[in-house]
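Here the structure comes first, spelled out in structure tokens, and everything after it is commentary.
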Amino acid sequence: MSAYDPTPSPQPVEFSVDLTAHEMLRRAHVMDAVGPTWDPVKALRDEDAAQDLLYSDLDEEQQRIYDQLVAAGVLPERGDGRATA
């Protein structure tokens, strides 16, 4: 006969897992993957330039939708709130 009792305990059981070591290992792997030449400031500048390019040369309808998305808070306001011309 088994000592296992499948009926739930009336009291909650404390359960915790410390993922600190795993998180440090994950961060080390990420830094190893990006390499020593990775420049986070340049990466952010390049991302901003890509966003500017993405929202440039919009026609009237696209600009209207862009303005609605900015007003709704879906897209961040850039510059004067208009897409780049």
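Order determines the names: the first chain of the structure tokens is A, the second B, and so forth; residues in each chain are numbered 1 upward, and ligands are numbered 1 upward as they are shown.
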
Please identify which residues in chain A DSSP calls helix (DSSP H, G or I) from the backbone, and express them as number ranges by chain. A: 20-34, 40-54, 60-71

Applying 12 Å and only C-alpha atoms, which residues near A:Arg78 remain after dropping the ones on its own chain fewer than 5 positions away? List them as JSON, numbers by chain. {"A": [48, 49, 51, 52, 55, 56, 66, 67, 69, 70, 71, 73, 83, 84]}

Please measure the separation of atom CA of A:Pro76 and atom CA of A:Gln62, giving the value in Å to one decimal.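 For atom CA of A:Pro76 relative to atom CA of A:Gln62, the distance reads 15.9 Å.
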
Between atom CA of A:Gln68 and atom CA of A:Ala50, what distance in Å does the model show, to one decimal?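 Taking atom CA of A:Gln68 and atom CA of A:Ala50, their separation equals 20.6 Å.
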